[in-house]
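Enquirer: Please find query23.cif (mmCIF, C-alpha atoms) on the next line:
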data_target
loop_
_atom_site.group_PDB
_atom_site.id
_atom_site.type_symbol
_atom_site.label_atom_id
_atom_site.label_comp_id
_atom_site.auth_asym_id
_atom_site.auth_seq_id
_atom_site.Cartn_x
_atom_site.Cartn_y
_atom_site.Cartn_z
ATOM 1 C CA ALA A 1 1.550 20.706 -11.115
ATOM 2 C CA HIS A 2 -1.395 18.731 -9.783
ATOM 3 C CA GLU A 3 0.821 17.144 -7.120
ATOM 4 C CA ARG A 4 1.807 20.589 -5.822
ATOM 5 C CA ILE A 5 -1.837 21.704 -5.750
ATOM 6 C CA LEU A 6 -3.027 18.596 -3.884
ATOM 7 C CA TYR A 7 -0.083 18.730 -1.469
ATOM 8 C CA GLU A 8 -0.837 22.285 -0.406
ATOM 9 C CA GLN A 9 -4.589 21.548 -0.153
ATOM 10 C CA ILE A 10 -3.894 18.663 2.226
ATOM 11 C CA LEU A 11 -1.491 20.760 4.315
ATOM 12 C CA ARG A 12 -4.211 23.444 4.624
ATOM 13 C CA ARG A 13 -6.692 20.777 5.763
ATOM 14 C CA PHE A 14 -4.216 19.685 8.435
ATOM 15 C CA GLU A 15 -3.709 23.282 9.595
ATOM 16 C CA ASN A 16 -7.394 24.229 9.586
ATOM 17 C CA GLU A 17 -8.478 20.875 11.003
ATOM 18 C CA VAL A 18 -11.653 21.066 8.919
ATOM 19 C CA PRO A 19 -11.964 17.793 7.014
ATOM 20 C CA VAL A 20 -13.775 17.848 3.705
ATOM 21 C CA SER A 21 -15.095 14.477 2.626
ATOM 22 C CA GLN A 22 -17.234 13.036 -0.138
ATOM 23 C CA GLN A 23 -19.361 10.194 1.216
ATOM 24 C CA LEU A 24 -19.398 7.033 -0.874
ATOM 25 C CA LEU A 25 -22.697 5.424 -1.779
ATOM 26 C CA PHE A 26 -21.225 1.993 -1.085
ATOM 27 C CA PRO A 27 -18.292 1.633 1.343
ATOM 28 C CA HIS A 28 -15.226 -0.241 0.125
ATOM 29 C CA THR A 29 -14.098 -3.031 2.450
ATOM 30 C CA VAL A 30 -10.340 -3.570 2.392
ATOM 31 C CA VAL A 31 -8.341 -6.348 4.035
ATOM 32 C CA LEU A 32 -4.878 -5.118 5.019
ATOM 33 C CA THR A 33 -1.757 -6.780 6.350
ATOM 34 C CA PRO A 34 -1.511 -6.611 10.159
ATOM 35 C CA GLY A 35 1.226 -3.969 9.848
ATOM 36 C CA ASP A 36 -0.815 -1.777 7.486
ATOM 37 C CA TYR A 37 -3.899 -2.200 9.694
ATOM 38 C CA SER A 38 -1.898 -0.946 12.702
ATOM 39 C CA LEU A 39 -0.523 1.943 10.643
ATOM 40 C CA VAL A 40 -4.021 3.000 9.513
ATOM 41 C CA LYS A 41 -5.187 2.815 13.121
ATOM 42 C CA GLU A 42 -2.252 5.003 14.213
ATOM 43 C CA LEU A 43 -2.762 7.508 11.384
ATOM 44 C CA LEU A 44 -6.578 7.486 11.444
ATOM 45 C CA PRO A 45 -6.942 11.088 12.731
ATOM 46 C CA HIS A 46 -4.699 12.293 9.897
ATOM 47 C CA PHE A 47 -6.604 10.254 7.297
ATOM 48 C CA GLU A 48 -9.832 11.822 8.586
ATOM 49 C CA GLN A 49 -8.363 15.332 8.332
ATOM 50 C CA MET A 50 -7.366 14.575 4.739
ATOM 51 C CA GLY A 51 -11.012 13.722 4.003
ATOM 52 C CA PHE A 52 -11.053 9.936 4.250
ATOM 53 C CA GLY A 53 -13.862 8.233 6.147
ATOM 54 C CA ILE A 54 -12.396 4.992 7.467
ATOM 55 C CA LYS A 55 -14.030 2.566 9.885
ATOM 56 C CA MET A 56 -11.838 0.038 11.655
ATOM 57 C CA PHE A 57 -13.082 -3.543 11.774
ATOM 58 C CA SER A 58 -11.510 -6.625 13.281
ATOM 59 C CA LYS A 59 -9.266 -9.088 11.455
ATOM 60 C CA ASN A 60 -7.252 -6.390 9.658
ATOM 61 C CA THR A 61 -10.289 -5.080 7.780
ATOM 62 C CA ILE A 62 -11.244 -1.453 7.195
ATOM 63 C CA ALA A 63 -14.196 0.117 5.408
ATOM 64 C CA ILE A 64 -13.655 3.275 3.374
ATOM 65 C CA ASP A 65 -16.923 5.227 3.351
ATOM 66 C CA GLY A 66 -15.651 8.712 2.502
ATOM 67 C CA VAL A 67 -12.859 10.177 0.395
ATOM 68 C CA PRO A 68 -11.333 13.610 -0.234
ATOM 69 C CA PRO A 69 -13.365 15.445 -2.887
ATOM 70 C CA ASP A 70 -10.343 15.742 -5.196
ATOM 71 C CA LEU A 71 -9.923 11.959 -5.435
ATOM 72 C CA ARG A 72 -11.004 10.249 -8.638
ATOM 73 C CA SER A 73 -13.784 7.773 -7.925
ATOM 74 C CA GLY A 74 -13.027 4.095 -8.208
ATOM 75 C CA SER A 75 -9.481 4.412 -6.894
ATOM 76 C CA GLU A 76 -10.228 4.549 -3.153
ATOM 77 C CA GLN A 77 -8.726 1.222 -2.118
ATOM 78 C CA LYS A 78 -5.639 1.571 -4.307
ATOM 79 C CA ILE A 79 -4.985 5.119 -3.111
ATOM 80 C CA VAL A 80 -5.127 4.098 0.570
ATOM 81 C CA GLU A 81 -2.806 1.144 -0.073
ATOM 82 C CA ASP A 82 -0.434 3.317 -2.136
ATOM 83 C CA ILE A 83 -0.430 6.056 0.511
ATOM 84 C CA LEU A 84 0.535 3.511 3.159
ATOM 85 C CA ALA A 85 3.336 2.104 0.990
ATOM 86 C CA LEU A 86 4.788 5.556 0.239
ATOM 87 C CA TYR A 87 4.354 6.653 3.851
ATOM 88 C CA LYS A 88 6.414 3.664 5.010
ATOM 89 C CA GLU A 89 9.053 4.427 2.368
ATOM 90 C CA TYR A 90 9.355 8.062 3.501
ATOM 91 C CA SER A 91 9.535 6.961 7.151
ATOM 92 C CA GLN A 92 12.351 4.519 6.358
ATOM 93 C CA ARG A 93 14.274 7.388 4.754
ATOM 94 C CA GLY A 94 14.121 9.252 8.050
ATOM 95 C CA GLN A 95 11.347 11.662 7.095
ATOM 96 C CA SER A 96 9.405 11.544 10.347
ATOM 97 C CA ASP A 97 6.745 14.266 9.969
ATOM 98 C CA ALA A 98 3.565 12.183 9.658
ATOM 99 C CA ARG A 99 1.440 14.972 8.187
ATOM 100 C CA ASP A 100 4.004 15.943 5.578
ATOM 101 C CA ASN A 101 4.588 12.290 4.634
ATOM 102 C CA LEU A 102 0.844 11.717 4.248
ATOM 103 C CA ALA A 103 0.394 14.919 2.243
ATOM 104 C CA LYS A 104 3.242 13.937 -0.094
ATOM 105 C CA SER A 105 1.971 10.371 -0.405
ATOM 106 C CA PHE A 106 -1.592 11.449 -1.150
ATOM 107 C CA SER A 107 -0.597 14.124 -3.648
ATOM 108 C CA CYS A 108 1.724 11.736 -5.462
ATOM 109 C CA LYS A 109 -0.848 8.964 -5.786
ATOM 110 C CA ALA A 110 -3.986 11.061 -6.400
ATOM 111 C CA ALA A 111 -2.531 13.507 -8.934
ATOM 112 C CA ILE A 112 -3.184 13.520 -12.644
ATOM 113 C CA LYS A 113 -0.575 11.292 -14.264
ATOM 114 C CA ALA A 114 1.524 11.842 -17.373
ATOM 115 C CA GLY A 115 -0.513 10.825 -20.387
ATOM 116 C CA ASP A 116 -3.910 11.489 -18.736
ATOM 117 C CA ALA A 117 -6.099 13.389 -21.187
ATOM 118 C CA LEU A 118 -7.229 16.882 -20.164
ATOM 119 C CA ASN A 119 -9.353 19.303 -22.123
ATOM 120 C CA GLY A 120 -8.399 22.957 -22.553
ATOM 121 C CA GLU A 121 -10.504 24.179 -19.647
ATOM 122 C CA GLU A 122 -9.014 21.582 -17.295
ATOM 123 C CA MET A 123 -5.500 22.612 -18.357
ATOM 124 C CA ARG A 124 -6.221 26.310 -17.762
ATOM 125 C CA SER A 125 -7.795 25.536 -14.393
ATOM 126 C CA LEU A 126 -4.778 23.462 -13.372
ATOM 127 C CA LEU A 127 -2.372 26.272 -14.297
ATOM 128 C CA GLY A 128 -4.515 28.818 -12.455
ATOM 129 C CA GLN A 129 -4.529 26.665 -9.323
ATOM 130 C CA LEU A 130 -0.793 26.011 -9.621
ATOM 131 C CA PHE A 131 0.065 29.704 -9.569
ATOM 132 C CA GLN A 132 -2.101 30.202 -6.482
ATOM 133 C CA THR A 133 0.116 27.812 -4.493
ATOM 134 C CA LYS A 134 2.933 29.001 -2.223
ATOM 135 C CA MET A 135 5.627 27.232 -4.264
ATOM 136 C CA PRO A 136 4.451 26.729 -7.864
ATOM 137 C CA TYR A 137 7.898 25.959 -9.249
ATOM 138 C CA VAL A 138 8.555 22.532 -7.694
ATOM 139 C CA CYS A 139 6.526 19.456 -6.777
ATOM 140 C CA PRO A 140 6.443 18.329 -3.117
ATOM 141 C CA HIS A 141 9.520 16.182 -3.793
ATOM 142 C CA GLY A 142 11.531 19.122 -5.169
ATOM 143 C CA ARG A 143 11.333 18.275 -8.874
ATOM 144 C CA PRO A 144 10.717 21.247 -11.189
ATOM 145 C CA VAL A 145 7.174 21.937 -12.363
ATOM 146 C CA VAL A 146 8.006 24.995 -14.427
ATOM 147 C CA LEU A 147 11.095 25.542 -16.545
ATOM 148 C CA LYS A 148 12.270 28.808 -18.052
ATOM 149 C CA ILE A 149 13.585 28.369 -21.581
ATOM 150 C CA SER A 150 14.989 31.402 -23.352
ATOM 151 C CA ILE A 151 13.933 32.386 -26.854
ATOM 152 C CA GLU A 152 17.485 31.711 -27.966
ATOM 153 C CA GLU A 153 17.272 28.145 -26.639
ATOM 154 C CA LEU A 154 13.942 27.568 -28.388
ATOM 155 C CA ASP A 155 15.361 28.968 -31.635
ATOM 156 C CA ARG A 156 18.403 26.709 -31.330
ATOM 157 C CA ARG A 157 16.275 23.623 -30.687
ATOM 158 C CA PHE A 158 14.089 24.353 -33.703
ATOM 159 C CA GLY A 159 17.071 25.039 -35.952
ATOM 160 C CA ARG A 160 16.428 28.782 -36.193
ATOM 161 C CA THR A 161 19.863 30.047 -35.157
#
Could you write out this file's structure as structure tokens?
Expert:
Amino acid sequence: AHERILYEQILRRFENEVPVSQQLLFPHTVVLTPGDYSLVKELLPHFEQMGFGIKMFSKNTIAIDGVPPDLRSGSEQKIVEDILALYKEYSQRGQSDARDNLAKSFSCKAAIKAGDALNGEEMRSLLGQLFQTKMPYVCPHGRPVVLKISIEELDRRFGRT
């Protein structure tokens, strides 16, 4: 559910071209492989539209000084590295739309994970946001988010038939 929400938020940011960013108090310096450094340089406008503030330095080093507001703090470096890895994987599969690949990569890596604790209000908020999306029934990768189970099926599973 959270993946779908984040995915559509990022796509809207790409369409509206109005980046929303949360500035970090202390920038994170990250040393990348030469290939990843080149990829960040190539995708920098898209990263900025997503809400990342990235400064390019020499010797394969970047500084992350801003992040999308929906990103959990403390995960900035890992998220950028994970986004690059997934982006490359999608590109190798022949998925060539850079914006869509980045949106999918970001939503996958920044979303709430299975087992993460949420309180009741957070759960209700997540469901409310999910049903405001264009396609609330599947994640960006096509996996189901919502399943319809009949009363008969529930009864059968709980031995009430």
Enquirer: Could you list, as a list in words, every residue within 8 Å of segment 77-83 of chain A, counting only C-alpha atoms and ignoring same-chain residues fewer than 5 positions away?
Expert: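 Result of the neighbour search: His28, Val30, Ile64, Leu102, Ser105, Phe106, Lys109 and Ala110 of chain A.
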Enquirer: Any chance you could resolve the PyMOL selection byres ((chain A and resi 125-127) around 12) against this file and give the residues as a PyMOL selection string?
Expert: chain A and resi 1-6+111-112+118-124+128-133+136-137+145-146
Enquirer: Please write as a list of chain:residue names the full residue list that the PyMOL selection byres ((chain A and resi 63) around 12) yields on this file.
Expert: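 Taken over the shown coordinates, the PyMOL selection byres ((chain A and resi 63) around 12) returns A:Leu24, A:Phe26, A:Pro27, A:His28, A:Thr29, A:Val30, A:Val31, A:Leu32, A:Tyr37, A:Val40, A:Phe52, A:Gly53, A:Ile54, A:Lys55, A:Met56, A:Phe57, A:Ser58, A:Asn60, A:Thr61, A:Ile62, A:Ile64, A:Asp65, A:Gly66, A:Val67, A:Glu76, A:Gln77, A:Val80.
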Enquirer: As an exercise, work out the distance from atom CA of Ile10 of chain A to atom CA of Lys104 of chain A in Å and give it to one decimal place.
Expert: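 If I compute the distance from atom CA of Ile10 of chain A to atom CA of Lys104 of chain A, I get 8.9 Å.
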Enquirer: Spell out the residues picked by the PyMOL selection byres ((chain A and resi 19) around 6) here, as a PyMOL selection string.
Expert: chain A and resi 18+20+49+51
Enquirer: Take the residues that were just selected and, keeping C-alpha atoms, output them as a PDB file, in the coordinates of the input.
Expert:
ATOM      1  CA  VAL A  18     -11.653  21.066   8.919  1.00  0.00           C
ATOM      2  CA  VAL A  20     -13.775  17.848   3.705  1.00  0.00           C
ATOM      3  CA  GLN A  49      -8.363  15.332   8.332  1.00  0.00           C
ATOM      4  CA  GLY A  51     -11.012  13.722   4.003  1.00  0.00           C
TER       5      GLY A  51
END
Enquirer: (6.3, 10.6, 6.2) in this file's frame - what residues fall within 12 Å of it? Use only C-alpha atoms and give the answer as a PyMOL selection string.
Expert: chain A and resi 39+43+46+83-106+141
Enquirer: What does the structure give for the distance between atom CA of Lys41 of chain A and atom CA of Gly142 of chain A, in Å to one decimal?
Expert: 29.7 Å
Enquirer: Report, in Å to a single decimal, how far apart atom CA of Ser38 of chain A and atom CA of Ser75 of chain A are.
Expert: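 Interatomic distance here is 21.7 Å.
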Enquirer: Might I get the box with edges along x, y and z of the file that holds all atoms of segment 110-119 of chain A listed there, padded by 8 Å on every side, given as centre and edge lengths in Å to one decimal, as lines of an AutoDock Vina configuration file?
Expert:
center_x = -3.9
center_y = 15.1
center_z = -14.3
size_x = 26.9
size_y = 24.5
size_z = 31.7
Enquirer: Which is closest to Pro69 of chain A among A:Met50, A:Leu11, A:Ser21, A:Pro144, if we use all atoms listed in the file?
Expert: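 The answer is A:Ser21, which sits nearest to Pro69 of chain A.
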